[in-house]
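data02.txt, holding compact mmCIF, C-alpha atoms and all ligand atoms:
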# COMPACT_ATOMS: atom_id res chain seq x y z
CA MET A 1 -14.96 37.72 -2.79
CA ASP A 2 -12.47 40.50 -1.99
CA LYS A 3 -9.73 39.60 -4.50
CA LYS A 4 -10.29 40.46 -8.16
CA SER A 5 -11.15 37.31 -10.06
CA GLU A 6 -12.48 36.08 -13.36
CA ILE A 7 -14.84 33.16 -13.88
CA LEU A 8 -13.37 30.67 -16.34
CA ILE A 9 -16.11 28.03 -16.07
CA ASP A 10 -19.33 28.81 -14.25
CA HIS A 11 -21.14 26.41 -11.99
CA LYS A 12 -23.92 25.61 -14.48
CA LYS A 13 -21.46 24.68 -17.20
CA LEU A 14 -19.49 22.55 -14.71
CA GLN A 15 -22.61 20.72 -13.63
CA LYS A 16 -23.65 20.00 -17.22
CA ARG A 17 -20.25 18.63 -18.21
CA VAL A 18 -19.92 16.56 -15.03
CA ASP A 19 -23.34 15.02 -15.75
CA GLU A 20 -22.18 14.16 -19.28
CA LEU A 21 -19.03 12.50 -17.93
CA GLY A 22 -21.11 10.50 -15.43
CA GLU A 23 -23.45 9.30 -18.18
CA GLN A 24 -20.56 8.30 -20.40
CA ILE A 25 -18.83 6.44 -17.57
CA SER A 26 -22.09 4.66 -16.69
CA LYS A 27 -22.35 3.41 -20.29
CA ASP A 28 -18.71 2.43 -20.59
CA TYR A 29 -18.65 0.55 -17.26
CA GLU A 30 -22.02 -1.22 -17.58
CA GLY A 31 -21.59 -4.77 -16.26
CA LYS A 32 -18.12 -4.02 -14.87
CA ASN A 33 -16.95 -3.77 -11.29
CA LEU A 34 -16.29 -0.04 -11.05
CA LEU A 35 -14.04 1.36 -8.34
CA VAL A 36 -13.55 5.13 -8.31
CA ILE A 37 -10.38 6.23 -6.55
CA SER A 38 -10.55 9.95 -5.87
CA LEU A 39 -7.34 11.89 -5.26
CA LEU A 40 -7.76 14.22 -2.30
CA LYS A 41 -8.04 16.96 -1.53
CA GLY A 42 -8.65 18.82 -4.78
CA SER A 43 -11.09 16.36 -6.34
CA PHE A 44 -13.54 16.06 -3.45
CA ILE A 45 -16.25 18.27 -4.94
CA PHE A 46 -15.81 16.98 -8.49
CA THR A 47 -15.98 13.40 -7.20
CA ALA A 48 -19.09 14.11 -5.12
CA ASP A 49 -20.89 15.46 -8.20
CA LEU A 50 -19.48 12.90 -10.64
CA VAL A 51 -20.45 9.82 -8.64
CA ARG A 52 -23.99 11.17 -8.25
CA SER A 53 -24.19 11.28 -12.06
CA ILE A 54 -23.11 7.66 -12.28
CA SER A 55 -26.12 5.35 -12.50
CA ILE A 56 -24.40 1.97 -12.09
CA PRO A 57 -23.01 0.42 -8.87
CA VAL A 58 -19.75 2.10 -7.88
CA ARG A 59 -17.37 1.65 -4.98
CA ILE A 60 -15.70 4.91 -3.93
CA GLU A 61 -12.35 5.18 -2.19
CA PHE A 62 -9.94 8.06 -1.59
CA MET A 63 -6.19 8.48 -1.77
CA THR A 64 -3.95 11.34 -0.75
CA THR A 65 -0.65 11.87 -2.51
CA SER A 66 2.12 14.38 -2.41
CA ILE A 67 5.13 15.03 -4.60
CA TYR A 68 8.46 15.60 -2.95
CA GLY A 69 11.42 17.04 -4.79
CA GLU A 70 11.36 17.86 -8.49
CA SER A 71 11.37 14.89 -10.81
CA GLU A 72 11.71 15.78 -14.48
CA VAL A 73 11.58 12.23 -15.71
CA ASP A 74 9.06 10.04 -13.98
CA SER A 75 7.24 9.99 -10.69
CA GLY A 76 9.55 7.95 -8.52
CA ASN A 77 9.13 10.60 -5.88
CA LEU A 78 5.38 10.48 -5.52
CA LYS A 79 4.36 9.74 -1.97
CA ILE A 80 1.16 7.77 -1.34
CA ASN A 81 0.18 9.06 2.08
CA GLU A 82 -1.94 6.09 3.06
CA GLU A 83 -1.83 2.67 1.41
CA LEU A 84 -5.22 1.32 0.34
CA ASP A 85 -5.82 -2.25 1.41
CA LEU A 86 -8.20 -3.53 -1.29
CA PRO A 87 -8.57 -6.55 -3.60
CA PHE A 88 -7.53 -4.35 -6.54
CA GLU A 89 -7.51 -7.24 -9.01
CA GLU A 90 -11.31 -7.52 -8.69
CA TYR A 91 -11.94 -4.00 -9.88
CA ASP A 92 -12.12 -1.80 -12.96
CA ILE A 93 -10.44 1.24 -11.50
CA LEU A 94 -11.18 4.81 -12.52
CA VAL A 95 -8.83 7.35 -10.92
CA VAL A 96 -10.51 10.74 -10.50
CA ASP A 97 -8.54 13.95 -10.10
CA ASP A 98 -9.26 17.65 -10.20
CA ILE A 99 -6.60 18.85 -12.64
CA THR A 100 -3.68 17.51 -14.60
CA ASP A 101 -0.82 19.96 -14.76
CA THR A 102 2.66 18.42 -15.04
CA ALA A 103 0.97 14.95 -14.80
CA LEU A 104 3.60 13.75 -12.32
CA THR A 105 0.87 12.93 -9.80
CA MET A 106 -1.26 10.92 -12.20
CA THR A 107 1.70 9.12 -13.75
CA GLY A 108 2.89 8.09 -10.29
CA VAL A 109 -0.56 6.97 -9.16
CA LEU A 110 -0.99 4.93 -12.36
CA LYS A 111 2.37 3.24 -11.83
CA TYR A 112 1.42 2.41 -8.23
CA LEU A 113 -2.03 1.06 -9.16
CA SER A 114 -0.95 -0.88 -12.24
CA GLU A 115 1.40 -2.89 -10.03
CA LYS A 116 -1.73 -4.03 -8.13
CA ASN A 117 -3.05 -5.72 -11.31
CA PRO A 118 -6.57 -4.30 -11.50
CA LYS A 119 -8.96 -5.61 -14.18
CA SER A 120 -8.60 -2.26 -15.93
CA LEU A 121 -7.20 1.15 -15.08
CA LYS A 122 -8.39 4.48 -16.49
CA THR A 123 -8.43 8.11 -15.47
CA CYS A 124 -10.89 10.97 -15.35
CA VAL A 125 -9.87 14.57 -14.75
CA LEU A 126 -12.09 17.60 -14.59
CA LEU A 127 -9.47 20.01 -15.91
CA ASP A 128 -6.53 19.52 -18.21
CA LYS A 129 -3.68 22.03 -18.41
CA PRO A 130 -1.65 20.45 -21.24
CA SER A 131 0.87 23.26 -21.57
CA ARG A 132 2.88 22.24 -18.49
CA ARG A 133 3.29 18.48 -19.01
CA LYS A 134 6.50 16.82 -17.84
CA THR A 135 5.42 13.36 -18.94
CA GLU A 136 3.39 12.26 -21.93
CA TYR A 137 -0.03 11.62 -20.51
CA VAL A 138 -3.63 12.08 -21.60
CA ALA A 139 -6.57 11.19 -19.36
CA ASP A 140 -9.29 8.88 -20.66
CA TYR A 141 -12.06 11.28 -19.63
CA ILE A 142 -11.50 15.05 -19.57
CA GLY A 143 -13.98 17.71 -18.49
CA PHE A 144 -12.39 20.87 -19.86
CA GLU A 145 -9.07 22.08 -21.17
CA VAL A 146 -7.83 25.18 -19.31
CA PRO A 147 -5.09 27.73 -20.03
CA ASN A 148 -1.85 27.94 -18.08
CA VAL A 149 -3.16 30.02 -15.17
CA PHE A 150 -3.58 29.07 -11.51
CA ILE A 151 -7.06 27.63 -11.21
CA VAL A 152 -9.18 28.04 -8.07
CA GLY A 153 -12.63 26.85 -6.96
CA TYR A 154 -14.86 23.77 -7.22
CA GLY A 155 -12.50 21.93 -4.86
CA LEU A 156 -9.25 23.56 -5.98
CA ASN A 157 -7.52 25.62 -3.35
CA TYR A 158 -5.80 28.95 -3.08
CA GLY A 159 -3.71 28.55 0.07
CA PHE A 160 -6.09 27.18 2.69
CA HIS A 161 -9.20 28.67 1.18
CA TYR A 162 -11.55 28.96 -1.81
CA ARG A 163 -12.18 25.23 -2.28
CA ASN A 164 -15.86 26.08 -1.65
CA GLU A 165 -16.04 28.63 -4.47
CA LYS A 166 -18.80 27.32 -6.78
CA ASN A 167 -17.23 28.38 -10.08
CA ILE A 168 -13.82 27.68 -11.59
CA ILE A 169 -12.07 31.02 -11.29
CA HIS A 170 -8.64 32.56 -11.44
CA PHE A 171 -7.33 35.62 -9.65
CA LEU A 172 -6.33 38.55 -11.78
CA ASP A 173 -3.28 39.66 -9.81
P1 LIG B 1 0.39 17.62 -11.43
O1 LIG B 1 1.34 18.75 -11.69
O2 LIG B 1 1.06 16.49 -10.73
O3 LIG B 1 -0.34 17.19 -12.69
O4 LIG B 1 -0.73 18.18 -10.49
C1 LIG B 1 -0.70 17.90 -9.14
C2 LIG B 1 -1.78 18.58 -8.35
O5 LIG B 1 -1.44 19.95 -8.23
C3 LIG B 1 -3.19 18.58 -8.94
O6 LIG B 1 -3.90 17.40 -8.69
C4 LIG B 1 -3.78 19.75 -8.18
O7 LIG B 1 -4.26 19.30 -6.94
C5 LIG B 1 -2.58 20.69 -8.05
N1 LIG B 1 -2.68 21.72 -9.10
C6 LIG B 1 -2.15 21.71 -10.34
N2 LIG B 1 -2.50 22.82 -11.02
C7 LIG B 1 -3.27 23.54 -10.18
C8 LIG B 1 -3.98 24.80 -10.30
O8 LIG B 1 -3.98 25.50 -11.33
N3 LIG B 1 -4.67 25.22 -9.20
C9 LIG B 1 -4.73 24.49 -8.03
N4 LIG B 1 -5.45 25.00 -7.03
N5 LIG B 1 -4.10 23.31 -7.89
C10 LIG B 1 -3.39 22.84 -8.95
MG MG B 2 -5.02 17.04 -6.93

Using structure tokens, write down the structure that the file contains.
Ligand code: 5GP
Ligand code: MG
Amino acid sequence: MDKKSEILIDHKKLQKRVDELGEQISKDYEGKNLLVISLLKGSFIFTADLVRSISIPVRIEFMTTSIYGESEVDSGNLKINEELDLPFEEYDILVVDDITDTALTMTGVLKYLSEKNPKSLKTCVLLDKPSRRKTEYVADYIGFEVPNVFIVGYGLNYGFHYRNEKNIIHFLD
């Protein structure tokens, strides 16, 4: 790595916490019809590890979203890039994302999915950056709380690169 960086959460600690989340989710969703919806691209590595720590049957689907404009109030301007065509009402949905920052993405996705009348709807985020919230929102499952710095690695990008960095890092300048 040529840029100066600091490790915030190393790979071993990530793996341990992700395993714990998977075990908890397996207990909580025992006997339910679990559908994980992973928000691309940032959550692809977290999702890959999390679902392998889940020991009950799980359907896995992916969604890509983007925010256009700056909404201070709600997430009316969240764009779902590809509609999922699923019998949502048959499933207990768990939305999985990499990080919650302003929470505009998650709030918008929850609004979209709740209108599909799933059996239940919860969220799991690896990282929570509560200092920058624009809407009141707390995920049901949270891996770690992080400070208000730009996080990179374990799926999170810096420009087009660094998603493959094993640790959660941040650049020092
Ligand atoms: P939101 O502000 O809507 O909660 O977050 C939207 C998305 O922005 C996150 O899912 C994530 O993909 C991206 N994001 C937010 N904070 C960071 C960060 O610190 N680093 C990186 N790489 N992406 C972030
Ligand atoms: Mg994301």

Given 6 Å on each side, where is the centre and what are the edge lengths in Å to one decimal of the axis-aligned box enclosing the listed atoms of range 108-127 of chain A, as lines of an AutoDock Vina configuration file?
center_x = -4.6
center_y = 7.1
center_z = -12.3
size_x = 27.0
size_y = 37.7
size_z = 20.4

message: To check your reading of the model: which residues sit at most 9 Å from ligand LIG 1 (chain B) when counting only C-alpha atoms and all ligand atoms? Write the answer as a VMD selection string.
response: chain A and resid 39 to 43 65 to 67 75 97 to 108 125 127 to 129 132 to 134 146 148 to 153 155 to 159 162 to 163 170

field: Minimum-distance residue to ligand MG 2 (chain B), chosen among A:Ile168, A:Ile60, A:Ile45, A:Val18 (using only C-alpha atoms and all ligand atoms)
entry: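 That would be A:Ile45, the residue with the smallest distance to ligand MG 2 (chain B).
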
- prompt: For Leu126 in chain A, which of A:Ile54, A:Ile37, A:Val109, A:Leu14 is the closest residue, counting all atoms listed in the file?
  reply: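 Closest candidate: A:Leu14.
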
message: Which residue is closest to ligand MG 2 (chain B)? Choose from A:Thr64, A:Asn77, A:Thr123, A:Thr135 and count all atoms listed in the file.
response: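 Closest candidate: A:Thr64.
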
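Coordinates place CA of Ile169 in chain A at a distance of 5.5 Å from CA of Glu6 in chain A.
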
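The neighbours of range 26-28 of chain A here are the residues that come within 9 Å of it, using only C-alpha atoms and leaving out any residue fewer than 5 positions away in the same chain; they are A:Leu21, A:Ser53, A:Ile54, A:Ser55, A:Ile56, A:Pro57.
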
Residue among A:Asn167, A:Asn33, A:Gln24, A:Thr47 lying closest to ligand MG 2 (chain B), counting only C-alpha atoms and all ligand atoms: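 Closest to ligand MG 2 (chain B), using only C-alpha atoms and all ligand atoms: A:Thr47.
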
- prompt: In Å to one decimal, how far is CA of Asp92 in chain A from CA of Leu35 in chain A?
  reply: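 According to the coordinates, CA of Leu35 in chain A and CA of Asp92 in chain A are separated by 5.9 Å.
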
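The residue that comes closest to ligand MG 2 (chain B), out of A:Asp85, A:Pro147, A:Val95, A:Pro118 and on the basis of only C-alpha atoms and all ligand atoms, is A:Val95.
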
task: Mind giving me the straight-line distance from CA of Glu136 in chain A to CA of Lys116 in chain A in Å, one decimal?
output: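 Between CA of Glu136 in chain A and CA of Lys116 in chain A the gap is 22.0 Å.
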
query: Which one is closest to Asp49 in chain A: A:Val96, A:Leu121, A:Leu172, A:Leu110? Count only C-alpha atoms.
result: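 So, comparing all the options, the nearest one is A:Val96.
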